Structures are given as structure tokens and as C-alpha cells.
>>> print(open('query.csv').read())   # CSV, C-alpha atoms
chain,number,residue,atom,x,y,z
A,1,MET,CA,33.2,11.5,22.9
A,2,PRO,CA,36.8,10.4,22.2
A,3,ALA,CA,39.7,11.4,24.4
A,4,TYR,CA,42.3,10.7,21.7
A,5,GLY,CA,42.9,14.0,19.9
A,6,SER,CA,42.5,17.7,20.3
A,7,ALA,CA,40.8,19.2,23.4
A,8,GLU,CA,39.0,21.8,21.3
A,9,VAL,CA,35.8,19.7,20.8
A,10,THR,CA,35.7,18.7,24.5
A,11,ARG,CA,36.0,22.3,25.6
A,12,ALA,CA,33.2,23.3,23.3
A,13,VAL,CA,31.0,20.6,24.9
A,14,VAL,CA,31.9,22.0,28.4
A,15,GLU,CA,31.1,25.5,27.2
A,16,LEU,CA,27.6,24.3,26.3
A,17,GLY,CA,27.1,23.2,29.9
A,18,ALA,CA,27.3,19.5,29.2
A,19,VAL,CA,29.6,17.0,31.0
A,20,PRO,CA,32.0,15.1,28.6
A,21,VAL,CA,32.1,11.4,29.0
A,22,PHE,CA,34.9,9.6,27.2
A,23,ALA,CA,34.6,6.4,25.3
A,24,ASP,CA,37.5,4.4,23.8
A,25,VAL,CA,38.6,4.6,20.2
A,26,ASP,CA,39.0,1.9,17.6
A,27,GLY,CA,42.6,0.8,17.2
A,28,ASP,CA,42.6,1.1,13.4
A,29,SER,CA,40.7,4.3,12.7
A,30,TYR,CA,41.4,6.2,16.0
A,31,CYS,CA,37.8,7.3,15.9
A,32,LEU,CA,35.1,6.4,18.4
A,33,ASP,CA,34.5,2.6,18.8
A,34,PRO,CA,30.7,2.1,18.7
A,35,ALA,CA,30.9,-0.8,21.2
A,36,ALA,CA,32.8,1.4,23.6
A,37,VAL,CA,30.1,4.1,23.2
A,38,SER,CA,27.4,1.6,24.1
A,39,ASP,CA,29.3,0.7,27.3
A,40,VAL,CA,29.3,4.2,28.7
A,41,VAL,CA,25.8,5.4,27.7
A,42,THR,CA,23.5,6.0,30.6
A,43,SER,CA,20.0,7.6,31.2
A,44,GLN,CA,21.9,10.9,31.6
A,45,THR,CA,23.5,10.8,28.1
A,46,ALA,CA,22.3,13.4,25.7
A,47,ALA,CA,24.5,13.0,22.7
A,48,VAL,CA,27.4,11.2,21.0
A,49,VAL,CA,30.1,13.4,19.5
A,50,ALA,CA,32.3,11.5,17.0
A,51,VAL,CA,35.4,13.1,15.4
A,52,ASN,CA,36.9,12.3,12.0
A,53,ARG,CA,40.5,11.6,12.7
A,54,PHE,CA,43.6,12.2,10.5
A,55,GLY,CA,41.4,12.3,7.4
A,56,ARG,CA,39.6,9.0,8.1
A,57,ARG,CA,35.9,9.2,8.8
A,58,ALA,CA,34.3,7.9,11.9
A,59,ASP,CA,32.0,4.9,11.5
A,60,ALA,CA,29.0,7.1,11.4
A,61,GLY,CA,26.5,4.4,10.4
A,62,TRP,CA,27.2,2.3,13.5
A,63,ILE,CA,27.4,5.3,15.8
A,64,ARG,CA,24.1,6.6,14.5
A,65,GLU,CA,22.6,3.2,15.1
A,66,VAL,CA,23.8,3.3,18.7
A,67,GLY,CA,22.3,6.8,19.0
A,68,GLN,CA,19.0,5.8,17.6
A,69,ARG,CA,18.9,2.8,19.9
A,70,HIS,CA,19.3,5.0,23.0
A,71,GLY,CA,17.5,8.1,21.6
A,72,LEU,CA,20.6,10.3,21.4
A,73,LEU,CA,21.7,13.2,19.3
A,74,VAL,CA,24.7,12.2,17.1
A,75,LEU,CA,27.2,14.7,15.9
A,76,VAL,CA,30.1,13.9,13.6
A,77,GLU,CA,32.8,16.6,13.6
A,78,ASP,CA,35.8,17.1,11.4
A,79,GLU,CA,39.1,17.3,13.2
A,80,PRO,CA,40.1,20.9,14.0
A,81,GLY,CA,42.4,22.2,11.3
A,82,ALA,CA,41.4,19.6,8.7
A,83,ASP,CA,42.2,20.6,5.1
A,84,PRO,CA,40.7,18.4,2.3
A,85,GLU,CA,42.7,20.1,-0.5
A,86,GLY,CA,45.5,18.0,-2.0
A,87,ALA,CA,43.8,14.8,-0.9
A,88,GLU,CA,44.6,12.9,-4.1
A,89,LEU,CA,48.3,13.7,-3.9
A,90,ARG,CA,48.4,12.7,-0.2
A,91,ARG,CA,46.6,9.4,-1.1
A,92,THR,CA,49.3,8.8,-3.8
A,93,HIS,CA,52.0,9.4,-1.2
A,94,ALA,CA,50.3,7.2,1.3
A,95,ALA,CA,50.0,4.3,-1.2
A,96,TYR,CA,53.7,4.6,-1.9
A,97,LEU,CA,54.5,4.5,1.8
A,98,ASP,CA,52.1,1.6,2.5
A,99,GLY,CA,54.0,-0.6,0.0
A,100,ARG,CA,57.5,0.2,1.2
A,101,LEU,CA,57.5,0.8,5.0
A,102,ASN,CA,58.4,-2.1,7.3
A,103,GLY,CA,59.0,-2.3,11.0
A,104,VAL,CA,56.2,0.2,11.7
A,105,GLY,CA,52.5,-0.3,11.5
A,106,THR,CA,51.0,1.6,8.5
A,107,PRO,CA,47.5,3.0,8.5
A,108,THR,CA,44.7,0.6,7.8
A,109,PRO,CA,43.3,1.5,4.3
A,110,ALA,CA,39.7,2.9,4.3
A,111,ALA,CA,37.5,4.4,1.6
A,112,GLY,CA,37.5,8.2,1.5
A,113,HIS,CA,40.7,8.5,3.7
A,114,THR,CA,42.2,11.9,2.9
A,115,TYR,CA,45.4,11.4,4.9
A,116,GLU,CA,45.4,14.7,6.7
A,117,GLN,CA,48.2,13.0,8.6
A,118,TYR,CA,49.9,9.7,7.8
A,119,VAL,CA,50.0,8.1,11.2
A,120,VAL,CA,52.1,5.0,11.8
A,121,ARG,CA,52.6,2.9,15.0
A,122,VAL,CA,56.1,2.3,16.3
A,123,PRO,CA,56.3,-1.1,17.9
A,124,GLY,CA,57.8,-1.5,21.3
A,125,ASN,CA,56.7,-1.1,24.9
A,126,GLY,CA,55.4,2.4,24.8
A,127,ARG,CA,56.4,6.0,24.6
A,128,PRO,CA,60.3,5.7,25.0
A,129,ASP,CA,60.5,3.6,21.8
A,130,ARG,CA,58.3,5.9,19.8
A,131,ASP,CA,60.0,9.0,21.0
A,132,ALA,CA,63.5,7.7,20.4
A,133,PHE,CA,62.4,6.6,16.9
A,134,ALA,CA,61.0,10.1,16.3
A,135,ARG,CA,64.2,11.9,17.5
A,136,THR,CA,66.4,9.8,15.2
A,137,LEU,CA,64.1,10.5,12.2
A,138,ARG,CA,64.2,14.2,12.9
A,139,ALA,CA,68.0,14.1,13.1
A,140,LYS,CA,67.9,12.6,9.6
A,141,GLY,CA,65.7,15.5,8.3
A,142,VAL,CA,62.3,13.8,8.5
A,143,ALA,CA,59.8,16.3,9.9
A,144,CYS,CA,57.7,13.7,11.9
A,145,ARG,CA,55.6,14.7,14.9
A,146,VAL,CA,53.7,13.0,17.7
A,147,PRO,CA,50.0,13.6,16.8
A,148,VAL,CA,48.5,13.4,20.2
A,149,LEU,CA,50.6,14.0,23.3
A,150,ALA,CA,48.1,13.0,26.0
A,151,PRO,CA,44.5,11.8,26.3
A,152,VAL,CA,42.1,14.6,26.8
A,153,TYR,CA,41.1,13.2,30.3
A,154,ARG,CA,44.6,14.1,31.5
A,155,MET,CA,44.6,17.7,30.4
A,156,PRO,CA,44.2,20.6,32.8
A,157,GLY,CA,40.6,21.5,33.4
A,158,LEU,CA,39.3,18.3,31.7
A,159,ARG,CA,40.7,15.6,34.0
A,160,ARG,CA,38.6,12.5,34.6
A,161,ASP,CA,39.3,9.4,36.6
A,162,VAL,CA,39.2,7.0,33.6
A,163,PHE,CA,41.6,4.7,31.7
A,164,LEU,CA,40.9,3.7,28.1
A,165,PRO,CA,43.4,1.1,26.8
A,166,GLN,CA,43.2,1.7,23.1
A,167,THR,CA,43.4,5.5,23.7
A,168,GLU,CA,46.4,5.1,25.9
A,169,ARG,CA,48.2,2.8,23.5
A,170,ALA,CA,47.5,5.1,20.6
A,171,VAL,CA,49.0,8.0,22.5
A,172,ASP,CA,52.1,6.0,23.3
A,173,GLU,CA,52.7,4.5,19.9
A,174,THR,CA,51.5,6.8,17.1
A,175,LEU,CA,53.8,9.0,15.0
A,176,ALA,CA,52.7,11.2,12.0
A,177,LEU,CA,55.0,11.2,9.0
A,178,PRO,CA,54.8,14.0,6.5
A,179,VAL,CA,52.7,13.4,3.3
A,180,HIS,CA,51.9,17.0,2.3
A,181,ALA,CA,51.1,17.5,-1.4
A,182,GLY,CA,54.4,19.3,-2.1
A,183,MET,CA,56.6,16.3,-1.2
A,184,SER,CA,58.8,14.8,-3.9
A,185,ARG,CA,59.2,11.1,-4.6
A,186,ARG,CA,62.9,11.5,-3.6
A,187,GLU,CA,61.8,12.9,-0.2
A,188,LEU,CA,59.4,10.0,0.3
A,189,HIS,CA,62.2,7.5,-0.7
A,190,LYS,CA,64.6,9.1,1.8
A,191,MET,CA,61.9,8.9,4.6
A,192,VAL,CA,61.2,5.2,3.8
A,193,GLY,CA,65.0,4.4,4.0
A,194,ALA,CA,65.3,6.2,7.4
A,195,CYS,CA,62.2,4.5,8.9
A,196,ASN,CA,63.1,1.0,7.6
A,197,ALA,CA,66.7,1.3,8.9
A,198,LEU,CA,65.3,1.9,12.4
A,199,GLY,CA,62.1,-0.2,12.2
A,200,GLY,CA,63.8,-3.3,11.0
A,201,LEU,CA,65.6,-3.4,14.4
A,202,LEU,CA,62.4,-3.5,16.4
A,203,GLN,CA,60.1,-6.5,17.0
A,204,PRO,CA,56.5,-5.7,15.9
A,205,ALA,CA,54.0,-5.6,18.7
A,206,PHE,CA,50.7,-5.4,16.9
>>> encode(input="query.csv", output="C-alpha cells")
Amino acid sequence: MPAYGSAEVTRAVVELGAVPVFADVDGDSYCLDPAAVSDVVTSQTAAVVAVNRFGRRADAGWIREVGQRHGLLVLVEDEPGADPEGAELRRTHAAYLDGRLNGVGTPTPAAGHTYEQYVVRVPGNGRPDRDAFARTLRAKGVACRVPVLAPVYRMPGLRRDVFLPQTERAVDETLALPVHAGMSRRELHKMVGACNALGGLLQPAF
């Protein structure tokens, strides 16, 4: 299962009496990387639990293929709190941002993406850059938020001695910008201006 995201799914696995094993995520989708899943499967593995992240669906076809190869149950879960309503408006907002933001890494387009959150990457050398960027945006009235504060394997009661590089990088660099259905074009334009004024000063590190 992934360690990038909410701990709710992991706790549910623990409550069932299973031992969670974490695999790394894909750097574009933030969902489980099928190759990383293959790397951690053992004779003790019973199931693969993939989670759709930020409105983008996990690569269920590849993950199911891995599951069939190893004789595993495959579960694909929606992210806790997911809300598909207003998806078309969020897609419209996302398309507007995709074409205008610079200095940050915008989400990789994907069929069926509902943009529950519009998650960008802030270039730099890790958390201080992203957090300073976020503080400045909030001071300008942009209600951005850090979507994942820590890998699940660092959370109390779920700690594991593991290091997953794509998960760690995603935790350090990602920032969710507002794209809720009620946003006006003026609000989006203001957010683009604030981001570009900051992002243009940074050297991309993708």
C-alpha cells in the first residue's frame, strides 16, 4: 500500500489484523507504482491496496496484472473525503491553471482526473522552499495547503524502518492550490499572478 496520503486506509488494514507493507508511489500520479509493488511482494503478501489520489485514478490495470501474477487480492480505494461533484468545473479551473502557471510543476494530465485537489510541485531543495512559498501565498490571500505532512511510515503507531524516495520527495515538494467549483476567474487569475511572481524566482528541479 502507499505511504503518501492519509493514514486512514493503513489503520483499517491494521484493524483487520494484517501488517501494512509500503511501496513507493509514481512521481506523476502520486498513486502506487506497480514496479515498486513488485519489488516488495513476498510469499507472505496477501493483497495490494491502491488508493486514488487527488482525483486521479491509480493505474488499476497494471496493479491488477501484478496481483494476478502473484495471486494477490487487489483493492482500489477512493481517497478518504473524495467528492466527485463539481468535477467539470474543477477540470475547467485546472485547465486554466495548467496553461498559465510557471515556476511550479503542474499536475500531469490524465483521463478522468477530477482534481479533488490541484497539486503542484514547488521546485527547490525540499520542505523549506515549499513551506516558505506556501506562507507567502497565504499572506496574499491564496488558501493553499500542504496535502500530505508526512509519510504514513513516520506516523505514531504505524512507524516502519523504510525510506521511499518518491514518497519523501512528494511530501517535501507538493502544495495543493484551491480549485473548488465556486472559484471565480478573477480569483484564479490572482492566484496565478501570486504563484508566478514567486515561482519565477526559483530554478525548476524536476
>>> residues_around(input="query.csv", residues="Pro80 of chain A", least_positions_apart="6", cutoff="12 Å", atoms="all atoms listed in the file", output="ChimeraX atom specification")
/A:5-10,12,51-55,116
>>> atom_distance(input="query.csv", atom1="atom CA of Arg64 of chain A", atom2="atom CA of Gly112 of chain A")
18.7 Å
>>> atom_distance(input="query.csv", atom1="atom CA of Thr167 of chain A", atom2="atom CA of Asp24 of chain A")
6.0 Å
>>> atom_distance(input="query.csv", atom1="atom CA of Tyr96 of chain A", atom2="atom CA of Gln166 of chain A")
27.3 Å
>>> closest_residue(input="query.csv", among="A:Val142, A:Cys195, A:Val179, A:Val171", to="Ala94 of chain A", atoms="only C-alpha atoms")
A:Val179
>>> closest_residue(input="query.csv", among="A:Ala50, A:Asp161, A:His113, A:Thr45", to="Met1 of chain A", atoms="all atoms listed in the file")
A:Ala50
>>> closest_residue(input="query.csv", among="A:Ala197, A:Tyr153, A:His189, A:Gly71", to="Ala3 of chain A", atoms="all atoms listed in the file")
A:Tyr153
>>> closest_residue(input="query.csv", among="A:Val162, A:Leu97, A:Ala176, A:Ala132", to="Leu188 of chain A", atoms="only C-alpha atoms")
A:Leu97
>>> closest_residue(input="query.csv", among="A:Val40, A:Ala18, A:Pro107, A:Leu164", to="Val152 of chain A", atoms="only C-alpha atoms")
A:Leu164
>>> closest_residue(input="query.csv", among="A:Asn196, A:Pro151, A:Tyr115, A:Phe163", to="Arg90 of chain A", atoms="all atoms listed in the file")
A:Tyr115
>>> residues_around(input="query.csv", residues="Gly105 of chain A", least_positions_apart="5", cutoff="7 Å", atoms="only C-alpha atoms", output="ChimeraX atom specification")
/A:120-122
>>> residues_around(input="query.csv", residues="Arg138 of chain A", least_positions_apart="4", cutoff="12 Å", atoms="only C-alpha atoms", output="PDB file with C-alpha atoms, keeping the file's coordinate frame")
ATOM      1  CA  ASP A 131      60.000   9.000  21.000  1.00  0.00           C
ATOM      2  CA  ALA A 132      63.500   7.700  20.400  1.00  0.00           C
ATOM      3  CA  PHE A 133      62.400   6.600  16.900  1.00  0.00           C
ATOM      4  CA  ALA A 134      61.000  10.100  16.300  1.00  0.00           C
ATOM      5  CA  VAL A 142      62.300  13.800   8.500  1.00  0.00           C
ATOM      6  CA  ALA A 143      59.800  16.300   9.900  1.00  0.00           C
ATOM      7  CA  CYS A 144      57.700  13.700  11.900  1.00  0.00           C
ATOM      8  CA  ARG A 145      55.600  14.700  14.900  1.00  0.00           C
ATOM      9  CA  VAL A 146      53.700  13.000  17.700  1.00  0.00           C
ATOM     10  CA  LEU A 175      53.800   9.000  15.000  1.00  0.00           C
ATOM     11  CA  ALA A 176      52.700  11.200  12.000  1.00  0.00           C
ATOM     12  CA  LEU A 177      55.000  11.200   9.000  1.00  0.00           C
ATOM     13  CA  PRO A 178      54.800  14.000   6.500  1.00  0.00           C
ATOM     14  CA  MET A 191      61.900   8.900   4.600  1.00  0.00           C
ATOM     15  CA  ALA A 194      65.300   6.200   7.400  1.00  0.00           C
ATOM     16  CA  CYS A 195      62.200   4.500   8.900  1.00  0.00           C
TER      17      CYS A 195
END
